[in-house]
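> Data file final.cif (mmCIF, C-alpha atoms) is appended below.
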data_coords
loop_
_atom_site.label_atom_id
_atom_site.label_comp_id
_atom_site.auth_asym_id
_atom_site.auth_seq_id
_atom_site.Cartn_x
_atom_site.Cartn_y
_atom_site.Cartn_z
CA MET A 1208 -15.60 -1.90 -29.02
CA SER A 1209 -14.19 -4.78 -26.99
CA LYS A 1210 -12.52 -4.21 -23.67
CA ALA A 1211 -8.75 -4.38 -23.42
CA ARG A 1212 -7.69 -7.72 -21.90
CA ILE A 1213 -5.21 -7.38 -19.07
CA ALA A 1214 -3.24 -10.32 -17.65
CA VAL A 1215 -2.28 -10.16 -13.99
CA ILE A 1216 0.68 -12.53 -13.90
CA GLN A 1217 0.74 -14.86 -10.93
CA PHE A 1218 4.16 -16.12 -9.87
CA PRO A 1219 4.75 -18.61 -7.07
CA GLY A 1220 4.68 -16.25 -4.08
CA SER A 1221 2.54 -13.48 -5.59
CA ASN A 1222 -0.03 -12.31 -3.06
CA CYS A 1223 -1.68 -9.17 -4.51
CA GLU A 1224 -3.10 -10.63 -7.71
CA TYR A 1225 -6.74 -10.81 -6.57
CA GLU A 1226 -7.01 -7.20 -5.37
CA THR A 1227 -5.13 -6.09 -8.50
CA VAL A 1228 -7.53 -7.86 -10.85
CA GLU A 1229 -10.44 -6.25 -8.95
CA ALA A 1230 -8.97 -2.83 -9.69
CA VAL A 1231 -8.55 -3.78 -13.36
CA LYS A 1232 -12.18 -4.90 -13.62
CA ALA A 1233 -13.41 -1.79 -11.79
CA SER A 1234 -11.58 0.34 -14.32
CA GLY A 1235 -13.70 -1.11 -17.12
CA LEU A 1236 -11.13 -3.53 -18.51
CA GLU A 1237 -11.17 -7.28 -18.72
CA GLY A 1238 -8.78 -8.73 -16.13
CA SER A 1239 -7.58 -12.28 -15.68
CA ILE A 1240 -5.08 -13.93 -13.38
CA VAL A 1241 -2.68 -15.96 -15.53
CA ARG A 1242 0.09 -18.19 -14.27
CA TRP A 1243 3.65 -17.16 -15.11
CA ASN A 1244 4.36 -20.29 -17.14
CA ASP A 1245 1.26 -20.19 -19.34
CA LEU A 1246 3.03 -18.38 -22.17
CA THR A 1247 0.51 -19.46 -24.77
CA ALA A 1248 -2.31 -17.74 -22.88
CA LEU A 1249 -0.19 -14.70 -22.07
CA GLU A 1250 0.56 -14.12 -25.76
CA THR A 1251 -3.10 -13.23 -26.33
CA PHE A 1252 -3.39 -10.32 -23.86
CA ASP A 1253 -3.33 -6.58 -24.57
CA GLY A 1254 -1.60 -5.53 -21.36
CA PHE A 1255 0.23 -7.02 -18.41
CA ILE A 1256 0.53 -6.43 -14.68
CA VAL A 1257 3.16 -8.06 -12.48
CA PRO A 1258 1.56 -7.80 -9.03
CA GLY A 1259 3.00 -7.55 -5.54
CA GLY A 1260 4.10 -10.36 -3.28
CA PHE A 1261 7.23 -12.40 -2.74
CA SER A 1262 7.90 -14.27 -5.97
CA PHE A 1263 10.08 -17.29 -5.26
CA GLN A 1264 10.36 -16.13 -1.62
CA ASP A 1265 12.69 -13.31 -2.68
CA ARG A 1266 15.43 -15.92 -3.13
CA VAL A 1267 18.84 -14.43 -4.01
CA ARG A 1268 17.22 -10.94 -4.21
CA ALA A 1269 13.67 -9.67 -4.48
CA GLY A 1270 12.57 -10.27 -8.07
CA ALA A 1271 15.87 -11.81 -9.20
CA ILE A 1272 14.66 -15.35 -9.90
CA ALA A 1273 11.39 -14.33 -11.58
CA ALA A 1274 13.31 -11.94 -13.83
CA LYS A 1275 15.25 -14.84 -15.36
CA LEU A 1276 12.18 -16.80 -16.46
CA PRO A 1277 10.92 -17.06 -20.07
CA VAL A 1278 7.88 -14.91 -19.22
CA MET A 1279 10.16 -11.91 -18.91
CA GLU A 1280 11.39 -12.31 -22.48
CA LEU A 1281 7.73 -12.31 -23.48
CA LEU A 1282 7.19 -9.10 -21.51
CA GLN A 1283 10.27 -7.56 -23.12
CA LYS A 1284 8.83 -8.42 -26.53
CA LYS A 1285 5.38 -7.08 -25.63
CA SER A 1286 6.82 -3.88 -24.20
CA ASP A 1287 8.92 -3.42 -27.36
CA GLN A 1288 5.65 -3.70 -29.31
CA GLY A 1289 4.19 -0.90 -27.20
CA LYS A 1290 1.88 -2.97 -24.99
CA PRO A 1291 1.39 -1.57 -21.47
CA VAL A 1292 3.27 -3.34 -18.68
CA LEU A 1293 2.82 -2.37 -15.04
CA GLY A 1294 4.87 -3.73 -12.15
CA ILE A 1295 3.64 -3.14 -8.61
CA CYS A 1296 5.90 -3.65 -5.57
CA ASN A 1297 7.46 -7.08 -6.20
CA GLY A 1298 6.41 -6.56 -9.80
CA CYS A 1299 8.42 -3.32 -9.78
CA GLN A 1300 11.43 -5.25 -8.48
CA ILE A 1301 10.98 -7.91 -11.18
CA LEU A 1302 10.70 -5.38 -14.02
CA SER A 1303 13.82 -3.61 -12.74
CA GLU A 1304 15.75 -6.90 -12.55
CA ALA A 1305 14.61 -7.66 -16.11
CA GLY A 1306 15.75 -4.31 -17.48
CA LEU A 1307 12.29 -3.14 -18.59
CA ILE A 1308 12.91 0.29 -17.06
CA PRO A 1309 14.18 2.91 -17.66
CA LYS A 1310 15.37 2.13 -21.20
CA SER A 1311 13.14 1.00 -24.02
CA ASN A 1312 14.20 -1.72 -26.49
CA ASP A 1313 17.56 -2.16 -24.72
CA HIS A 1314 16.95 -4.27 -21.67
CA THR A 1315 20.21 -3.81 -19.82
CA ILE A 1316 19.79 -3.49 -16.07
CA GLU A 1317 20.14 0.13 -14.98
CA VAL A 1318 18.06 0.15 -11.80
CA ALA A 1319 18.18 -1.76 -8.51
CA LEU A 1320 15.66 -1.98 -5.70
CA ALA A 1321 17.83 -2.24 -2.60
CA TYR A 1322 16.80 -2.81 1.02
CA ASN A 1323 15.15 0.10 2.81
CA THR A 1324 17.29 2.51 4.79
CA LYS A 1325 16.69 5.32 7.26
CA ASP A 1326 19.56 7.75 7.80
CA HIS A 1327 21.69 5.39 5.67
CA GLU A 1328 21.10 2.44 8.05
CA PRO A 1329 19.00 -0.60 7.10
CA VAL A 1330 15.50 -0.15 8.49
CA GLY A 1331 13.71 -3.37 7.56
CA PHE A 1332 10.21 -3.91 6.22
CA ILE A 1333 7.91 -0.87 6.02
CA CYS A 1334 4.12 -0.94 5.93
CA ASP A 1335 2.59 2.56 5.91
CA TRP A 1336 0.69 5.21 3.97
CA THR A 1337 2.72 7.75 2.05
CA TYR A 1338 2.11 10.63 -0.36
CA VAL A 1339 3.46 10.88 -3.88
CA ARG A 1340 3.45 13.38 -6.72
CA PHE A 1341 4.27 13.23 -10.41
CA ASN A 1342 7.21 14.45 -12.44
CA ASN A 1343 6.81 14.38 -16.25
CA PRO A 1344 3.43 12.59 -16.04
CA GLN A 1345 2.84 13.19 -19.75
CA LYS A 1346 5.78 10.88 -20.57
CA SER A 1347 3.88 7.70 -19.70
CA LEU A 1348 0.50 6.35 -20.71
CA PHE A 1349 0.01 5.29 -17.09
CA THR A 1350 0.46 8.75 -15.61
CA LYS A 1351 -0.71 11.13 -18.30
CA ALA A 1352 -4.12 11.42 -16.62
CA PHE A 1353 -2.39 12.79 -13.51
CA THR A 1354 -0.90 16.26 -13.12
CA THR A 1355 2.19 17.71 -11.50
CA THR A 1356 -0.03 19.31 -8.83
CA ASP A 1357 -1.65 16.03 -7.74
CA ILE A 1358 -0.58 14.97 -4.25
CA LEU A 1359 -1.98 11.50 -3.65
CA PRO A 1360 -1.98 9.05 -0.75
CA ILE A 1361 -0.81 5.51 -1.47
CA PRO A 1362 0.31 2.62 0.76
CA ILE A 1363 3.74 1.01 0.72
CA ASN A 1364 4.53 -2.50 1.90
CA HIS A 1365 8.08 -3.58 1.20
CA GLY A 1366 11.53 -4.39 2.53
CA GLU A 1367 13.46 -3.55 -0.64
CA GLY A 1368 12.08 -0.37 -2.19
CA ARG A 1369 15.09 1.88 -2.41
CA PHE A 1370 15.69 2.80 -6.05
CA ILE A 1371 19.36 2.92 -7.02
CA LEU A 1372 20.16 4.11 -10.53
CA SER A 1373 23.23 3.71 -12.68
CA GLU A 1374 24.94 6.96 -13.65
CA ALA A 1375 23.59 6.55 -17.21
CA ALA A 1376 20.05 6.16 -15.92
CA LYS A 1377 20.39 9.26 -13.73
CA THR A 1378 21.33 11.40 -16.70
CA ASN A 1379 18.31 10.22 -18.70
CA LEU A 1380 15.60 10.67 -16.10
CA ASP A 1381 13.97 13.48 -18.06
CA ALA A 1382 12.92 10.87 -20.62
CA SER A 1383 10.81 9.05 -18.05
CA SER A 1384 7.72 9.71 -15.98
CA MET A 1385 8.70 9.65 -12.34
CA ILE A 1386 6.52 9.24 -9.24
CA GLN A 1387 8.16 10.67 -6.13
CA PHE A 1388 7.48 10.43 -2.40
CA CYS A 1389 6.49 13.77 -0.89
CA ASP A 1390 4.82 15.09 2.23
CA ASP A 1391 1.12 15.96 2.46
CA LYS A 1392 1.93 19.46 1.12
CA GLY A 1393 3.76 18.09 -1.89
CA GLN A 1394 7.23 18.93 -0.63
CA ILE A 1395 9.85 16.44 -1.81
CA LYS A 1396 12.20 16.03 1.15
CA ALA A 1397 15.03 13.52 1.23
CA GLU A 1398 14.56 12.83 4.93
CA PHE A 1399 12.48 10.14 6.64
CA PRO A 1400 9.48 9.88 6.85
CA THR A 1401 8.75 11.85 3.64
CA ASN A 1402 11.27 9.59 1.95
CA PRO A 1403 10.28 6.38 3.76
CA ASN A 1404 12.99 4.05 2.51
CA GLY A 1405 16.03 6.12 1.52
CA THR A 1406 15.22 5.92 -2.19
CA THR A 1407 17.27 7.98 -4.67
CA LEU A 1408 15.58 11.30 -5.55
CA ASN A 1409 12.51 10.10 -3.57
CA ILE A 1410 11.65 7.81 -6.48
CA ALA A 1411 8.62 5.63 -5.84
CA GLY A 1412 7.95 4.73 -9.47
CA LEU A 1413 9.63 5.08 -12.83
CA SER A 1414 8.53 4.53 -16.42
CA ASN A 1415 10.54 3.46 -19.41
CA SER A 1416 11.44 6.14 -21.94
CA LYS A 1417 8.73 4.98 -24.35
CA GLY A 1418 6.14 5.41 -21.60
CA ASN A 1419 4.43 2.04 -21.82
CA VAL A 1420 6.17 0.36 -18.88
CA LEU A 1421 5.79 1.59 -15.31
CA ALA A 1422 7.48 0.09 -12.25
CA LEU A 1423 5.93 1.34 -9.02
CA MET A 1424 6.81 0.31 -5.46
CA PRO A 1425 3.62 1.58 -3.70
CA HIS A 1426 0.32 -0.24 -4.17
CA PRO A 1427 -2.21 1.62 -6.39
CA GLU A 1428 -4.64 -1.31 -6.17
CA ARG A 1429 -4.96 -0.54 -2.45
CA ALA A 1430 -6.01 3.05 -3.13
CA SER A 1431 -8.28 2.53 -6.12
CA PHE A 1432 -11.52 2.88 -4.13
CA MET A 1433 -12.32 5.61 -1.62
CA LYS A 1434 -13.30 2.98 0.95
CA GLN A 1435 -9.63 1.91 1.02
CA ILE A 1436 -8.38 5.35 2.07
CA PRO A 1437 -8.10 5.59 5.88
CA TYR A 1438 -9.98 8.40 7.64
CA SER A 1439 -6.87 8.95 9.73
CA ILE A 1440 -4.61 9.95 6.85
CA SER A 1441 -5.68 13.62 6.72
CA PRO A 1442 -8.78 15.79 7.25
CA HIS A 1443 -8.84 16.53 3.51
CA TRP A 1444 -8.95 12.88 2.45
CA ALA A 1445 -11.34 11.99 5.28
CA GLN A 1446 -13.73 14.63 3.94
CA GLU A 1447 -13.28 13.38 0.37
CA LYS A 1448 -14.01 9.85 1.54
CA ARG A 1449 -17.17 10.80 3.49
CA GLN A 1450 -18.57 12.75 0.56
CA SER A 1451 -17.83 10.10 -2.06
CA LEU A 1452 -19.17 7.22 0.04
CA GLN A 1453 -22.49 9.04 0.30
CA ASN A 1454 -22.81 8.54 -3.44
CA SER A 1455 -21.52 4.98 -3.71
CA PRO A 1456 -19.87 2.44 -1.41
CA HIS A 1457 -17.56 1.64 -4.30
CA ALA A 1458 -16.66 5.23 -5.17
CA GLU A 1459 -13.54 5.59 -7.28
CA GLY A 1460 -10.32 6.26 -5.39
CA PRO A 1461 -7.36 8.37 -6.48
CA TRP A 1462 -5.50 5.54 -8.25
CA LEU A 1463 -8.13 3.81 -10.36
CA LYS A 1464 -7.23 5.94 -13.36
CA LEU A 1465 -3.77 4.35 -13.39
CA PHE A 1466 -5.49 1.08 -14.29
CA LYS A 1467 -7.94 2.78 -16.67
CA ALA A 1468 -4.93 4.06 -18.58
CA MET A 1469 -4.12 0.51 -19.66
CA GLY A 1470 -7.12 0.65 -21.96
CA THR A 1471 -5.92 3.81 -23.70
CA TYR A 1472 -2.66 2.72 -25.31
CA MET G 994 39.36 -7.19 20.48
CA PHE G 995 39.20 -10.02 17.95
CA THR G 996 37.23 -10.50 14.76
CA LEU G 997 36.21 -14.04 13.92
CA SER G 998 34.64 -15.43 10.79
CA VAL G 999 31.81 -17.92 10.98
CA PHE G 1000 30.34 -19.64 7.91
CA SER G 1001 26.83 -20.96 8.43
CA TYR G 1002 24.81 -23.14 6.06
CA LEU G 1003 21.48 -24.93 6.00
CA ASN G 1004 21.52 -28.62 6.94
CA ASN G 1005 18.79 -29.47 4.46
CA THR G 1006 17.82 -28.15 1.03
CA ASP G 1007 18.78 -24.50 0.51
CA LEU G 1008 15.97 -23.13 -1.65
CA HIS G 1009 17.89 -19.92 -2.43
CA ALA G 1010 20.75 -21.97 -3.88
CA LEU G 1011 18.37 -24.37 -5.60
CA SER G 1012 16.45 -21.56 -7.33
CA ALA G 1013 19.66 -19.79 -8.29
CA PHE G 1014 20.97 -23.05 -9.77
CA GLU G 1015 17.73 -23.58 -11.71
CA ALA G 1016 17.86 -20.01 -13.05
CA LEU G 1017 21.50 -20.36 -14.12
CA THR G 1018 21.21 -23.77 -15.74
CA HIS G 1019 17.71 -23.64 -17.24
CA SER G 1020 16.71 -20.01 -17.81
CA MET G 1021 20.23 -18.76 -18.56
CA ASN G 1022 21.46 -21.97 -20.24
CA LEU G 1023 24.75 -22.11 -18.33
CA SER G 1024 25.14 -25.85 -18.62
CA TYR G 1025 28.70 -25.82 -17.29
CA VAL G 1026 27.41 -25.05 -13.77
CA LYS G 1027 27.15 -28.33 -11.89
CA ARG G 1028 26.35 -27.31 -8.34
CA LEU G 1029 25.76 -24.24 -6.21
CA LYS G 1030 26.11 -23.96 -2.46
CA ARG G 1031 25.48 -20.93 -0.30
CA TYR G 1032 27.16 -19.97 2.95
CA THR G 1033 26.40 -16.99 5.14
CA HIS G 1034 29.61 -15.36 6.28
CA TRP G 1035 29.27 -13.73 9.70
CA LYS G 1036 32.05 -11.61 11.13
CA PHE G 1037 31.91 -11.27 14.91
CA THR G 1038 33.97 -8.69 16.71
CA VAL G 1039 34.37 -9.80 20.30
CA ASP G 1040 35.84 -7.96 23.26
CA ALA G 1041 37.87 -10.85 24.69
CA PRO G 1042 41.40 -11.18 26.05
CA SER G 1043 42.45 -13.95 23.65
CA VAL G 1044 41.44 -15.58 20.39
CA SER G 1045 40.54 -18.81 22.12
CA GLU G 1046 38.21 -16.99 24.53
CA ALA G 1047 36.68 -15.10 21.63
CA LYS G 1048 36.01 -18.42 19.89
CA THR G 1049 34.38 -19.82 23.01
CA ILE G 1050 32.15 -16.75 23.26
CA VAL G 1051 31.03 -17.01 19.63
CA GLU G 1052 30.41 -20.74 19.89
CA THR G 1053 28.40 -20.23 23.07
CA LEU G 1054 26.32 -17.56 21.37
CA LEU G 1055 25.64 -19.70 18.29
CA LYS G 1056 24.94 -22.95 20.14
CA THR G 1057 22.77 -21.59 22.94
CA THR G 1058 20.77 -18.73 21.40
CA TYR G 1059 18.83 -17.94 18.22
CA PHE G 1060 20.10 -14.38 17.80
CA VAL G 1061 22.22 -15.10 14.72
CA ILE G 1062 21.53 -18.61 13.44
CA ASN G 1063 19.00 -21.35 14.16
CA ILE G 1064 21.11 -24.28 15.27
CA ASN G 1065 18.16 -26.64 14.73
CA LYS G 1066 18.45 -26.26 10.99
CA GLU G 1067 21.81 -24.61 10.39
CA SER G 1068 25.39 -25.68 10.99
CA PHE G 1069 28.47 -23.52 11.16
CA VAL G 1070 32.23 -23.66 10.93
CA LEU G 1071 34.65 -21.23 12.51
CA GLU G 1072 37.24 -19.27 10.54
CA ARG G 1073 37.61 -21.39 7.37
CA LEU G 1074 35.17 -22.59 4.76
CA PRO G 1075 34.91 -26.38 4.56
CA ALA G 1076 36.59 -28.09 1.62
CA PRO G 1077 34.34 -28.49 -1.45
CA GLU G 1078 32.33 -31.69 -1.41
CA SER G 1079 33.68 -32.92 -4.76
CA ASP G 1080 36.82 -32.69 -6.85
CA ASP G 1081 35.12 -30.59 -9.55
CA THR G 1082 36.54 -27.19 -10.35
CA THR G 1083 35.20 -24.85 -7.68
CA TYR G 1084 35.03 -21.08 -7.46
CA ARG G 1085 33.93 -19.08 -4.47
CA TYR G 1086 32.59 -15.55 -4.58
CA GLU G 1087 31.72 -13.40 -1.59
CA VAL G 1088 28.84 -10.96 -2.16
CA SER G 1089 28.57 -8.02 0.24
CA GLN G 1090 26.32 -4.99 0.50
CA LYS G 1091 28.01 -1.71 -0.37
CA ASN G 1092 26.23 -0.20 2.62
CA PRO G 1093 26.30 -3.14 5.04
CA ASP G 1094 24.01 -3.73 8.00
CA SER G 1095 25.85 -3.46 11.34
CA PHE G 1096 23.01 -5.15 13.28
CA PRO G 1097 22.83 -2.71 16.21
CA ASP G 1098 19.53 -4.16 17.48
CA THR G 1099 20.87 -7.71 17.43
CA ILE G 1100 24.03 -6.68 19.28
CA ALA G 1101 21.96 -4.80 21.87
CA SER G 1102 19.76 -7.86 22.39
CA ILE G 1103 22.81 -10.12 22.77
CA HIS G 1104 24.19 -7.79 25.45
CA GLN G 1105 20.88 -7.47 27.23
CA LYS G 1106 19.92 -11.15 27.23
CA THR G 1107 23.29 -12.92 27.48
CA GLY G 1108 25.92 -10.43 28.55
CA LEU G 1109 28.31 -11.88 25.93
CA PRO G 1110 30.81 -9.20 24.80
CA VAL G 1111 29.98 -9.14 21.08
CA VAL G 1112 30.63 -5.59 19.87
CA GLY G 1113 30.40 -5.93 16.10
CA LEU G 1114 28.58 -8.06 13.55
CA ALA G 1115 28.66 -8.11 9.76
CA LYS G 1116 27.13 -10.42 7.18
CA SER G 1117 27.84 -11.40 3.59
CA ILE G 1118 27.01 -14.33 1.32
CA VAL G 1119 29.53 -16.79 -0.10
CA TRP G 1120 28.51 -18.68 -3.22
CA GLU G 1121 30.40 -21.88 -3.93
CA ILE G 1122 30.13 -22.66 -7.63
CA GLN G 1123 31.16 -26.03 -9.01
CA VAL G 1124 31.64 -26.22 -12.76
CA ASN G 1125 32.48 -29.00 -15.19
CA ALA G 1126 35.64 -27.32 -16.54
CA PRO G 1127 37.82 -24.35 -15.58
CA GLN G 1128 36.38 -21.00 -16.66
CA GLU G 1129 38.03 -17.66 -17.26
CA LYS G 1130 37.39 -15.22 -14.45
CA ALA G 1131 35.87 -12.59 -16.73
CA LYS G 1132 33.50 -15.07 -18.33
CA LEU G 1133 32.44 -16.50 -14.98
CA GLU G 1134 31.72 -13.04 -13.61
CA THR G 1135 29.78 -11.98 -16.70
CA ASP G 1136 27.82 -15.22 -16.92
CA LEU G 1137 27.00 -15.84 -13.26
CA ILE G 1138 27.96 -13.06 -10.93
CA PHE G 1139 27.29 -9.46 -11.95
CA THR G 1140 23.72 -9.09 -13.19
CA SER G 1141 23.46 -6.96 -16.32
CA SER G 1142 20.52 -8.43 -18.26
CA VAL G 1143 17.98 -11.22 -18.15
CA LYS G 1144 20.56 -13.55 -19.69
CA GLN G 1145 23.68 -12.41 -17.85
CA GLY G 1146 24.62 -12.43 -14.19
CA LEU G 1147 22.57 -13.27 -11.13
CA LEU G 1148 24.39 -13.58 -7.85
CA CYS G 1149 25.43 -9.93 -7.34
CA HIS G 1150 23.61 -6.72 -8.23
CA PRO G 1151 26.52 -4.36 -8.93
CA LEU G 1152 24.48 -1.22 -8.25
CA TYR G 1153 24.34 -1.96 -4.51
CA GLU G 1154 26.47 -5.05 -3.93
CA THR G 1155 30.11 -6.00 -4.45
CA ALA G 1156 31.55 -9.42 -5.21
CA GLN G 1157 35.05 -10.74 -4.92
CA GLN G 1158 36.56 -14.10 -5.66
CA LEU G 1159 37.92 -15.87 -2.58
#
Since I need it in another form, could you write the structure as structure tokens?


Amino acid sequence: MSKARIAVIQFPGSNCEYETVEAVKASGLEGSIVRWNDLTALETFDGFIVPGGFSFQDRVRAGAIAAKLPVMELLQKKSDQGKPVLGICNGCQILSEAGLIPKSNDHTIEVALAYNTKDHEPVGFICDWTYVRFNNPQKSLFTKAFTTTDILPIPINHGEGRFILSEAAKTNLDASSMIQFCDDKGQIKAEFPTNPNGTTLNIAGLSNSKGNVLALMPHPERASFMKQIPYSISPHWAQEKRQSLQNSPHAEGPWLKLFKAMGTY
Amino acid sequence: MFTLSVFSYLNNTDLHALSAFEALTHSMNLSYVKRLKRYTHWKFTVDAPSVSEAKTIVETLLKTTYFVININKESFVLERLPAPESDDTTYRYEVSQKNPDSFPDTIASIHQKTGLPVVGLAKSIVWEIQVNAPQEKAKLETDLIFTSSVKQGLLCHPLYETAQQL
């Protein structure tokens, strides 16, 4: 059986495509970096990742210019066909600006990624490790391998990561898989630092209702190997890291199965 | 206490405006858009005894420091936007955050480093849109302003920004 072929789409200003394609390859899939305007090549892939970075220098708004390009109509078509589409950080912003979440097959824009806030005041760019947990993980192919009791570390690196939802989107959240910021005990608290950027309902990631599109602000490609997890994050994860690195320097981290899921659609 | 408006703009190519123009005219096929210019609208609240002294304070701040604009590559006008650069039909929209930044750190730095009595600062973006023929307000706002889909709206995200025609 041939491996699923995943395109990591490189926009002008992307800067996480190489580490993302490494995570794809480590998950047993075939990964390639493909430029945003090579639509002929992109048509041939089985799944798509829009990686992190600063596409078009965040001109107008983060993700706004990239979302207007022909490649997004291709991603709308592919997502309508059921192909997996993952947006990470700037990719999350782009998918939101293109209306790929939270609805399926109706790509009106229902979600915004606004600038970070702390106590309702703008707080600027944040670069830190956080914890997240899963709500309705079975609703998305990306998260169905996770459980509601998983509490996982993951880094964030963004200036505009605050999810804002339309009223219609808020009422339909049960149809989506949701990844939420929590503390190291799994408590979902609205206050900083558990909620690092003021995001609505602590949302860090959201799927479409069909489950084949996931937009995620934190960086799973930076927590896909145990060597990437800092010893300082907690005694539990430091112990996990020590034990796993005894077996292999490239031991699987907590987020590699998110990429593996792209081969299961 | 006086509040003064300052409109700043880049002296050379504004890549934000250029990319927005490209998106509107090529990706969104809005061929009636002829030109796009972007101003940053700063509102300074100054603790001064008269308007003229408040103007002097703001001009001193902008011309002699880098706290708000970079005078090497930006120019500014006080109080009123300059006239459009052509006779084409022109619309102006001001886009503001619903939860605006009040720049407390910048104001604290201005006090600490210069002693100038700036007590408030706010920022918004003014888009100047030149078109080849008059457009209905509703159409203009659907086509260009309030983003609702890949093919409609760009300059304002209505979930966290507001826009009003000037």

> To one decimal place, how far is CA of Gly1270 in chain A from CA of Glu1134 in chain G in Å?

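The value is 20.1 Å.
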
> Rank G:Ser1024, G:Ser1068, G:Gln1128, G:Ser1012 by their smallest atom-to-atom distance to chain A, using only C-alpha atoms, and report the top residue only.

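Checking each of G:Ser1024, G:Ser1068, G:Gln1128, G:Ser1012 against chain A, counting only C-alpha atoms, the winner is G:Ser1012.
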
> Where does chain G meet chain A within 9 Å, residue by residue, with the nearest atom pair and distance in Å to one decimal for each, counting only C-alpha atoms, listed by chain and rising number, as JSON lines?


{"residue": "G:Leu1008", "atom": "CA", "partner": "A:Arg1266", "partner_atom": "CA", "distance": 7.4}
{"residue": "G:His1009", "atom": "CA", "partner": "A:Arg1266", "partner_atom": "CA", "distance": 4.7}
{"residue": "G:Ala1010", "atom": "CA", "partner": "A:Val1267", "partner_atom": "CA", "distance": 7.8}
{"residue": "G:Ser1012", "atom": "CA", "partner": "A:Ile1272", "partner_atom": "CA", "distance": 7.0}
{"residue": "G:Ala1013", "atom": "CA", "partner": "A:Ile1272", "partner_atom": "CA", "distance": 6.9}
{"residue": "G:Glu1015", "atom": "CA", "partner": "A:Ile1272", "partner_atom": "CA", "distance": 9.0}
{"residue": "G:Ala1016", "atom": "CA", "partner": "A:Lys1275", "partner_atom": "CA", "distance": 6.2}
{"residue": "G:Leu1017", "atom": "CA", "partner": "A:Lys1275", "partner_atom": "CA", "distance": 8.4}
{"residue": "G:His1019", "atom": "CA", "partner": "A:Leu1276", "partner_atom": "CA", "distance": 8.8}
{"residue": "G:Ser1020", "atom": "CA", "partner": "A:Leu1276", "partner_atom": "CA", "distance": 5.7}
{"residue": "G:Met1021", "atom": "CA", "partner": "A:Lys1275", "partner_atom": "CA", "distance": 7.1}
{"residue": "G:Asn1092", "atom": "CA", "partner": "A:His1327", "partner_atom": "CA", "distance": 7.8}
{"residue": "G:Pro1093", "atom": "CA", "partner": "A:Pro1329", "partner_atom": "CA", "distance": 8.0}
{"residue": "G:Asp1094", "atom": "CA", "partner": "A:Pro1329", "partner_atom": "CA", "distance": 6.0}
{"residue": "G:Ser1095", "atom": "CA", "partner": "A:Glu1328", "partner_atom": "CA", "distance": 8.3}
{"residue": "G:Phe1096", "atom": "CA", "partner": "A:Pro1329", "partner_atom": "CA", "distance": 8.7}
{"residue": "G:Thr1140", "atom": "CA", "partner": "A:Ile1316", "partner_atom": "CA", "distance": 7.4}
{"residue": "G:Ser1141", "atom": "CA", "partner": "A:Ile1316", "partner_atom": "CA", "distance": 5.1}
{"residue": "G:Ser1142", "atom": "CA", "partner": "A:Thr1315", "partner_atom": "CA", "distance": 4.9}
{"residue": "G:Val1143", "atom": "CA", "partner": "A:Ala1305", "partner_atom": "CA", "distance": 5.3}
{"residue": "G:Lys1144", "atom": "CA", "partner": "A:Lys1275", "partner_atom": "CA", "distance": 7.0}
{"residue": "G:Leu1147", "atom": "CA", "partner": "A:Ala1271", "partner_atom": "CA", "distance": 7.1}
{"residue": "G:Leu1148", "atom": "CA", "partner": "A:Val1267", "partner_atom": "CA", "distance": 6.8}
{"residue": "G:Cys1149", "atom": "CA", "partner": "A:Val1267", "partner_atom": "CA", "distance": 8.6}
{"residue": "G:His1150", "atom": "CA", "partner": "A:Ala1319", "partner_atom": "CA", "distance": 7.4}
{"residue": "G:Pro1151", "atom": "CA", "partner": "A:Ala1319", "partner_atom": "CA", "distance": 8.7}
{"residue": "G:Leu1152", "atom": "CA", "partner": "A:Ala1319", "partner_atom": "CA", "distance": 6.3}
{"residue": "G:Tyr1153", "atom": "CA", "partner": "A:Ala1321", "partner_atom": "CA", "distance": 6.8}

> Would you write out, as a PyMOL selection string, every residue that the PyMOL selection byres ((chain A and resi 1357-1361) around 12) captures in this file?

chain A and resi 1334-1342+1344+1350-1356+1362-1364+1386-1395+1401+1411-1412+1423-1433+1435-1441+1443-1445+1460-1463

> Enter the distance from CA of Pro1127 in chain G to CA of Asp1007 in chain G, in Å, rounded to one decimal.

24.9 Å

> Could you please determine the separation between CA of Phe1069 in chain G and CA of Lys1116 in chain G in Å, to one decimal place?

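Rounded to one decimal, the two atoms are 13.8 Å apart.
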
> Going by the chain IDs and residue numbers used in this file, which residues fall under the PyMOL selection byres ((chain A and resi 1298) around 8)? Write them as number ranges by chain.

A: 1256-1260, 1270, 1293-1297, 1299-1302, 1422-1423

> Selection in question (the file shown): the PyMOL selection byres ((chain A and resi 1468) around 12). Which residues does it include, as number ranges by chain?

A: 1211, 1213, 1230-1231, 1234-1236, 1254, 1290-1293, 1347-1353, 1418-1421, 1462-1467, 1469-1472

> Write out as a list in words each polymer residue whose atoms come within 10 Å of Glu1067 in chain G, counting all atoms listed in the file; drop sequence neighbours fewer than 2 positions from it.

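Here the qualifying residues turn out to be Ser1001, Tyr1002, Leu1003, Asn1004, Asn1005, Ile1062, Asn1063, Ile1064, Asn1065 and Phe1069 of chain G.
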
> Give me, as JSON, numbers by chain, all polymer residues having an atom no more than 10 Å from Asn1312 in chain A, counting only C-alpha atoms and skipping those fewer than 5 positions away in the same chain.

{"A": [1283, 1284, 1286, 1287, 1288, 1306, 1307, 1415, 1416, 1417]}
